[in-house]
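Engineer: One structure, pasted below without further comment.
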Amino acid sequence: MAALVLLSLANSAFAGTPISSARVWPAPEYTRLTLESASPIQYSVSTVKNPDRVVIDLERVALTTELEKLPAKINAADPYIQAVRIGRYKPEVLRLVLDLKTTAMPQAFVLKPVGDYGHRLVLDIYPVVPPDPLMALLNQNATALVRDELKADTAPSANPALKPARGTESPRKSKPEMMRLITVAIDPGHGGEDPGAISRSGTHEKNITLAIARKLKAKIDKEPNMRAALTRDGDYFISLPMRLVKARQLNADLFVSVHADAFIKPHARGSSVYALSERGATSAAARWLAKKENEADLIGGVNLDIKDPYLKQTLLDLSQTATINDSLKLGKEVLLEIGDINHLHKNDVEQAGFAVLKSPDIPSILVETAFISNPDEEKKLKDTAYQDKLAEAILAGIKRYFASNPPAARSKMVSLE
């Protein structure tokens, strides 16, 4: 490719399509760059070697103030983009050059207006050699795993991590008990381009869910026979199928998706727990919520023309009856615990066709922690002490579930004596 020639920005005035917003979302798997405008953007993408760069030419696009701010939005910790340069390449072509930290595989696509967004041009920068999602998740827990191994010979004979279901007692066993290490995948809802529900005061659901999920993970990692991993540990977008794939690659025993409700009526309040339904929703509200949550990929932006390079493992189309039954048991225990700290919107676990719960072999629940659209509950959700109580309640429900439903045997065992 010919050497890049960028004309002076001083000579870049051009009556073209204005860019209203330019955003960058770095993540472990990829970095996303989004350009938003009132009308569609015509573009072309190419790569350059030695050094590695991605070049994107924008036709009849004006160099707005928002676009000029883009280079300053590149974080030094971004795993894939080193810097961005912008200039007028031709009279009617604005060129963006992305200096890379590694050889990349760019994917560019456009999204039509949806929600509060106008037309968007999305550029995803994937590394040629993808990081191992499983290893990335396991690395979050390296310290906890080492601790578990060191405690294997000194742990007490009774297992304090597992509590019996309410109204039952577990007899003490005389023989040493072998307890398999339990893995929980925690899924903070939304992220990146997808803010989730937004309160009247501007609180984003994606930030609340991540805060609660991080607290839940920290509590689970302190348990002697448990570990947890987050599907996302930052503000970036992950598609609904990818969330399931991460859980399955981790060989998770449970999948817990954390959300915060919004409703058109500000007085709606309370916490809820949902499981998957293959036969329709248990209520109109559950159906409405599932439809809204399943639209997350439309908001966040998924390239429908090219398969996500990380979705290599096809989710099996199997009967999920047994898994759904286990999900309902898990949901019941979590709902009982949450009911001790917050009003329940429904006293029973509800069901609907949530896409993020469709793993055929992992019991999965979606916890709607409270209504972010309710000003009183929004204050609770923003309070770190209340977030901590929610995380503690979810963990208590998980432990009660496993006390009555021990996980299937695997080769990895932790001695409790």
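Residues are referred to by chain and number: the chain letter is A, B, ... according to the order shown in the structure tokens, the number counts from 1 in that chain, and ligands are numbered separately from 1 in the order shown.
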Going by DSSP on the backbone, which residues of stretch 240-388 of chain A come out as alpha helix (DSSP H)? List them as number ranges by chain.
Structural biologist: A: 240-249, 284-294, 296-300, 321-338, 375-382, 384-388
Engineer: Could you name the residues that touch A:Val45 at 7 Å or less, counting only C-alpha atoms, but leaving out those on the same chain fewer than 3 positions away, as an mmCIF file with all heavy atoms, in the first residue's frame?
Structural biologist:
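Generated file (part.cif):
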data_model
loop_
_atom_site.group_PDB
_atom_site.id
_atom_site.type_symbol
_atom_site.label_atom_id
_atom_site.label_comp_id
_atom_site.auth_asym_id
_atom_site.auth_seq_id
_atom_site.Cartn_x
_atom_site.Cartn_y
_atom_site.Cartn_z
ATOM 1 N N VAL A 55 -6.376 1.337 8.554
ATOM 2 C CA VAL A 55 -6.737 2.600 7.910
ATOM 3 C C VAL A 55 -8.216 2.558 7.551
ATOM 4 O O VAL A 55 -8.680 1.611 6.915
ATOM 5 C CB VAL A 55 -5.898 2.835 6.636
ATOM 6 C CG1 VAL A 55 -6.320 4.132 5.953
ATOM 7 C CG2 VAL A 55 -4.418 2.862 6.975
ATOM 8 N N ILE A 56 -8.965 3.555 7.983
ATOM 9 C CA ILE A 56 -10.368 3.644 7.628
ATOM 10 C C ILE A 56 -10.625 4.998 6.969
ATOM 11 O O ILE A 56 -10.340 6.048 7.539
ATOM 12 C CB ILE A 56 -11.277 3.442 8.868
ATOM 13 C CG1 ILE A 56 -12.744 3.510 8.463
ATOM 14 C CG2 ILE A 56 -10.954 4.420 9.991
ATOM 15 C CD1 ILE A 56 -13.687 2.971 9.528
ATOM 16 N N ASP A 57 -11.100 4.957 5.729
ATOM 17 C CA ASP A 57 -11.400 6.163 4.955
ATOM 18 C C ASP A 57 -12.890 6.458 5.024
ATOM 19 O O ASP A 57 -13.727 5.591 4.714
ATOM 20 C CB ASP A 57 -10.972 5.990 3.495
ATOM 21 C CG ASP A 57 -9.459 6.028 3.336
ATOM 22 O OD1 ASP A 57 -8.789 6.634 4.192
ATOM 23 O OD2 ASP A 57 -8.953 5.447 2.354
#
Engineer: Leaving out A:Ala286 and any residue of its chain fewer than 6 positions from it, which residues lie within 8 Å of it when counting only C-alpha atoms, given as an MDAnalysis selection string?
Structural biologist: chainID A and resid 350:352
Engineer: Please produce a file of the residues just selected, as a JSON list (two decimals), in the first residue's frame, where the atoms kept are N, CA, C and O atoms.
Structural biologist:
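Produced file again.json, reproduced below:
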[["chain", "number", "residue", "atom", "x", "y", "z"],
["A", 350, "GLU", "N", -39.93, -16.31, 38.26],
["A", 350, "GLU", "CA", -40.67, -16.21, 37.00],
["A", 350, "GLU", "C", -39.84, -16.79, 35.86],
["A", 350, "GLU", "O", -38.62, -16.99, 35.99],
["A", 351, "GLN", "N", -40.51, -17.04, 34.75],
["A", 351, "GLN", "CA", -39.83, -17.63, 33.59],
["A", 351, "GLN", "C", -40.20, -16.89, 32.32],
["A", 351, "GLN", "O", -41.32, -16.40, 32.16],
["A", 352, "ALA", "N", -39.23, -16.80, 31.42],
["A", 352, "ALA", "CA", -39.44, -16.19, 30.11],
["A", 352, "ALA", "C", -38.28, -16.61, 29.21],
["A", 352, "ALA", "O", -37.32, -17.22, 29.66]]
Engineer: Considering only C-alpha atoms, return as a list in words whatever protein or nucleic-acid residues lie within 9 Å of A:Val349, sequence-local ones (same chain, fewer than 3 positions apart) excluded.
Structural biologist: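 After dropping sequence-adjacent residues, the list is Ser272, Val273, Tyr274, Ala275, Leu328, Lys329, Gly331, Lys332, Leu335 and Lys346 of chain A.
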Engineer: Can I get the selected residues back with all heavy atoms, as a CSV table (one decimal), in the first residue's frame?
Structural biologist:
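Listed below is the output, result-v4.csv:
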chain,number,residue,atom,x,y,z
A,272,SER,N,-36.5,-9.4,41.6
A,272,SER,CA,-37.1,-10.5,41.0
A,272,SER,C,-36.0,-11.5,40.6
A,272,SER,O,-34.8,-11.1,40.4
A,272,SER,CB,-37.9,-10.1,39.7
A,272,SER,OG,-38.9,-9.2,40.0
A,273,VAL,N,-36.4,-12.7,40.4
A,273,VAL,CA,-35.4,-13.7,39.9
A,273,VAL,C,-36.1,-14.5,38.8
A,273,VAL,O,-37.3,-14.9,38.9
A,273,VAL,CB,-35.0,-14.7,41.0
A,273,VAL,CG1,-34.1,-15.8,40.4
A,273,VAL,CG2,-34.2,-14.0,42.1
A,274,TYR,N,-35.4,-14.7,37.6
A,274,TYR,CA,-36.0,-15.3,36.5
A,274,TYR,C,-35.2,-16.5,36.0
A,274,TYR,O,-34.0,-16.6,36.2
A,274,TYR,CB,-36.0,-14.3,35.3
A,274,TYR,CG,-37.0,-13.2,35.5
A,274,TYR,CD1,-36.5,-12.0,36.2
A,274,TYR,CD2,-38.3,-13.2,35.1
A,274,TYR,CE1,-37.3,-10.9,36.4
A,274,TYR,CE2,-39.1,-12.1,35.3
A,274,TYR,CZ,-38.6,-11.0,36.0
A,274,TYR,OH,-39.5,-9.9,36.2
A,275,ALA,N,-35.9,-17.5,35.5
A,275,ALA,CA,-35.3,-18.7,34.9
A,275,ALA,C,-35.8,-18.8,33.4
A,275,ALA,O,-36.7,-18.1,33.1
A,275,ALA,CB,-35.6,-19.9,35.6
A,328,LEU,N,-34.7,-23.3,38.4
A,328,LEU,CA,-35.8,-22.9,39.3
A,328,LEU,C,-35.5,-23.1,40.8
A,328,LEU,O,-35.8,-22.3,41.6
A,328,LEU,CB,-37.1,-23.7,38.9
A,328,LEU,CG,-37.7,-23.3,37.5
A,328,LEU,CD1,-38.8,-24.2,37.2
A,328,LEU,CD2,-38.3,-21.8,37.6
A,329,LYS,N,-34.8,-24.2,41.1
A,329,LYS,CA,-34.4,-24.5,42.4
A,329,LYS,C,-33.4,-23.5,42.9
A,329,LYS,O,-33.5,-22.9,44.0
A,329,LYS,CB,-33.8,-25.9,42.6
A,329,LYS,CG,-34.7,-27.1,42.3
A,329,LYS,CD,-34.0,-28.4,42.3
A,329,LYS,CE,-34.9,-29.5,41.9
A,329,LYS,NZ,-34.2,-30.8,41.9
A,331,GLY,N,-33.0,-20.4,41.7
A,331,GLY,CA,-33.7,-19.2,41.7
A,331,GLY,C,-34.6,-19.0,43.0
A,331,GLY,O,-34.6,-17.9,43.6
A,332,LYS,N,-35.2,-20.1,43.4
A,332,LYS,CA,-36.0,-20.1,44.7
A,332,LYS,C,-35.2,-19.7,45.9
A,332,LYS,O,-35.6,-18.9,46.7
A,332,LYS,CB,-36.7,-21.4,44.8
A,332,LYS,CG,-37.6,-21.5,46.1
A,332,LYS,CD,-38.2,-22.8,46.2
A,332,LYS,CE,-39.1,-22.9,47.5
A,332,LYS,NZ,-39.8,-24.2,47.6
A,335,LEU,N,-34.0,-16.1,45.7
A,335,LEU,CA,-35.2,-15.2,45.9
A,335,LEU,C,-35.5,-15.1,47.4
A,335,LEU,O,-35.8,-14.0,47.9
A,335,LEU,CB,-36.4,-15.7,45.1
A,335,LEU,CG,-37.6,-14.7,45.0
A,335,LEU,CD1,-37.2,-13.5,44.2
A,335,LEU,CD2,-38.8,-15.4,44.3
A,346,LYS,N,-42.1,-10.1,42.8
A,346,LYS,CA,-42.9,-11.4,42.7
A,346,LYS,C,-42.4,-12.3,43.7
A,346,LYS,O,-41.2,-12.4,43.9
A,346,LYS,CB,-42.8,-12.0,41.3
A,346,LYS,CG,-43.5,-11.2,40.2
A,346,LYS,CD,-45.0,-11.3,40.2
A,346,LYS,CE,-45.6,-10.6,39.0
A,346,LYS,NZ,-47.1,-10.8,39.0
Engineer: Could you give me the residues within stretch 344-400 of chain A that DSSP places in strand (DSSP E), as a PyMOL selection string?
Structural biologist: chain A and resi 350-352+364-371
Engineer: Sorted by chain and rising residue number, which residues of stretch 13-54 of chain A lie within 10 Å of stretch 188-194 of chain A, and what are their closest atom pairs and distances in Å to one decimal, counting only C-alpha atoms, as CSV?
Structural biologist:
residue,atom,partner,partner_atom,distance
A:Arg23,CA,A:Glu193,CA,8.7
A:Val24,CA,A:Gly192,CA,8.9
A:Trp25,CA,A:Gly192,CA,6.4
A:Pro26,CA,A:Gly192,CA,9.1
A:Ala27,CA,A:Gly192,CA,9.5
A:Arg32,CA,A:Gly192,CA,9.0
A:Thr34,CA,A:Glu193,CA,8.6
Engineer: Using only C-alpha atoms, find the one residue out of A:Leu210, A:Val48, A:Ala262, A:Ala296 that sits nearest to A:Glu377.
Structural biologist: A:Ala262
Engineer: Need to verify the contact set: stretch 214-218 of chain A, 12 Å, only C-alpha atoms, exclusion of same-chain residues closer than 5 positions in sequence. Can you return it as a compact mmCIF listing (two decimals) with N, CA and C atoms, in the first residue's frame?
Structural biologist:
# COMPACT_ATOMS: atom_id res chain seq x y z
N LEU A 137 -10.37 -15.96 32.09
CA LEU A 137 -11.27 -16.08 33.22
C LEU A 137 -10.58 -16.76 34.40
N GLN A 140 -8.29 -14.59 36.52
CA GLN A 140 -8.94 -13.75 37.51
C GLN A 140 -8.91 -14.43 38.88
N ASN A 141 -8.79 -15.76 38.88
CA ASN A 141 -8.94 -16.54 40.10
C ASN A 141 -7.67 -17.26 40.52
N THR A 143 -5.12 -16.54 42.42
CA THR A 143 -4.83 -16.51 43.85
C THR A 143 -5.76 -17.41 44.63
N ALA A 144 -7.05 -17.37 44.27
CA ALA A 144 -8.03 -18.19 44.98
C ALA A 144 -7.75 -19.67 44.79
N THR A 183 -17.60 -23.71 40.49
CA THR A 183 -17.31 -22.55 39.65
C THR A 183 -18.61 -21.83 39.29
N VAL A 184 -18.65 -20.52 39.55
CA VAL A 184 -19.83 -19.71 39.26
C VAL A 184 -19.45 -18.64 38.25
N ALA A 185 -20.17 -18.60 37.12
CA ALA A 185 -19.99 -17.53 36.14
C ALA A 185 -20.96 -16.41 36.48
N ILE A 186 -20.42 -15.22 36.71
CA ILE A 186 -21.24 -14.05 37.05
C ILE A 186 -21.27 -13.12 35.84
N ASP A 187 -22.46 -12.75 35.44
CA ASP A 187 -22.65 -11.99 34.20
C ASP A 187 -23.23 -10.61 34.50
N PRO A 188 -22.39 -9.56 34.57
CA PRO A 188 -22.92 -8.21 34.74
C PRO A 188 -23.64 -7.77 33.46
N ASN A 207 -23.42 0.09 34.98
CA ASN A 207 -22.48 0.38 36.06
C ASN A 207 -22.91 -0.26 37.37
N ILE A 208 -24.22 -0.28 37.62
CA ILE A 208 -24.73 -0.91 38.83
C ILE A 208 -24.49 -2.42 38.79
N THR A 209 -24.78 -3.04 37.66
CA THR A 209 -24.62 -4.49 37.56
C THR A 209 -23.16 -4.91 37.73
N GLU A 223 -14.82 -18.10 49.63
CA GLU A 223 -15.32 -19.40 50.09
C GLU A 223 -14.26 -20.47 49.86
N MET A 226 -15.02 -22.58 46.47
CA MET A 226 -15.71 -21.94 45.36
C MET A 226 -14.81 -20.92 44.68
N ARG A 227 -15.09 -20.68 43.44
CA ARG A 227 -14.42 -19.62 42.68
C ARG A 227 -15.47 -18.99 41.76
N ALA A 228 -15.20 -17.77 41.33
CA ALA A 228 -16.13 -17.07 40.43
C ALA A 228 -15.34 -16.37 39.34
N ALA A 229 -16.00 -16.15 38.21
CA ALA A 229 -15.40 -15.42 37.11
C ALA A 229 -16.47 -14.52 36.50
N LEU A 230 -16.06 -13.33 36.06
CA LEU A 230 -16.97 -12.37 35.45
C LEU A 230 -16.93 -12.51 33.93
N THR A 231 -18.10 -12.42 33.29
CA THR A 231 -18.12 -12.43 31.83
C THR A 231 -17.55 -11.13 31.28
N ARG A 232 -17.67 -10.04 32.03
CA ARG A 232 -16.98 -8.80 31.69
C ARG A 232 -16.54 -8.14 32.98
N ASP A 233 -15.35 -7.56 32.96
CA ASP A 233 -14.83 -6.88 34.14
C ASP A 233 -14.43 -5.46 33.79
N GLY A 234 -15.28 -4.82 33.00
CA GLY A 234 -15.05 -3.44 32.58
C GLY A 234 -16.23 -2.95 31.78
N VAL A 256 -25.05 -16.77 36.72
CA VAL A 256 -25.90 -15.78 37.39
C VAL A 256 -25.74 -14.45 36.66
N SER A 257 -26.80 -14.01 36.00
CA SER A 257 -26.79 -12.75 35.28
C SER A 257 -27.42 -11.66 36.15
N VAL A 258 -26.72 -10.56 36.35
CA VAL A 258 -27.15 -9.50 37.26
C VAL A 258 -27.68 -8.31 36.47
N THR A 384 -23.14 1.52 48.22
CA THR A 384 -22.21 0.38 48.25
C THR A 384 -22.57 -0.62 49.34
N ALA A 385 -23.11 -0.12 50.47
CA ALA A 385 -23.50 -1.04 51.54
C ALA A 385 -24.66 -1.92 51.09
N TYR A 386 -25.61 -1.34 50.36
CA TYR A 386 -26.74 -2.12 49.88
C TYR A 386 -26.28 -3.11 48.80
N GLN A 387 -25.36 -2.68 47.93
CA GLN A 387 -24.80 -3.59 46.93
C GLN A 387 -24.16 -4.78 47.61
N ASP A 388 -23.48 -4.53 48.73
CA ASP A 388 -22.82 -5.60 49.46
C ASP A 388 -23.85 -6.58 50.03
N LYS A 389 -24.98 -6.06 50.54
CA LYS A 389 -26.04 -6.92 51.06
C LYS A 389 -26.65 -7.78 49.95
N LEU A 390 -26.83 -7.18 48.78
CA LEU A 390 -27.36 -7.94 47.65
C LEU A 390 -26.42 -9.09 47.28
N ALA A 391 -25.13 -8.78 47.20
CA ALA A 391 -24.15 -9.80 46.86
C ALA A 391 -24.14 -10.92 47.90
N GLU A 392 -24.24 -10.53 49.17
CA GLU A 392 -24.26 -11.52 50.25
C GLU A 392 -25.50 -12.40 50.15
N ALA A 393 -26.63 -11.80 49.80
CA ALA A 393 -27.88 -12.57 49.69
C ALA A 393 -27.81 -13.56 48.53
N ILE A 394 -27.26 -13.12 47.40
CA ILE A 394 -27.14 -14.03 46.25
C ILE A 394 -26.22 -15.20 46.58
N LEU A 395 -25.11 -14.89 47.25
CA LEU A 395 -24.18 -15.96 47.65
C LEU A 395 -24.85 -16.93 48.61
N ALA A 396 -25.62 -16.42 49.56
CA ALA A 396 -26.30 -17.30 50.52
C ALA A 396 -27.27 -18.23 49.80
N GLY A 397 -27.97 -17.71 48.79
CA GLY A 397 -28.88 -18.54 48.01
C GLY A 397 -28.14 -19.61 47.23
N ILE A 398 -26.99 -19.26 46.69
CA ILE A 398 -26.18 -20.22 45.94
C ILE A 398 -25.71 -21.34 46.85
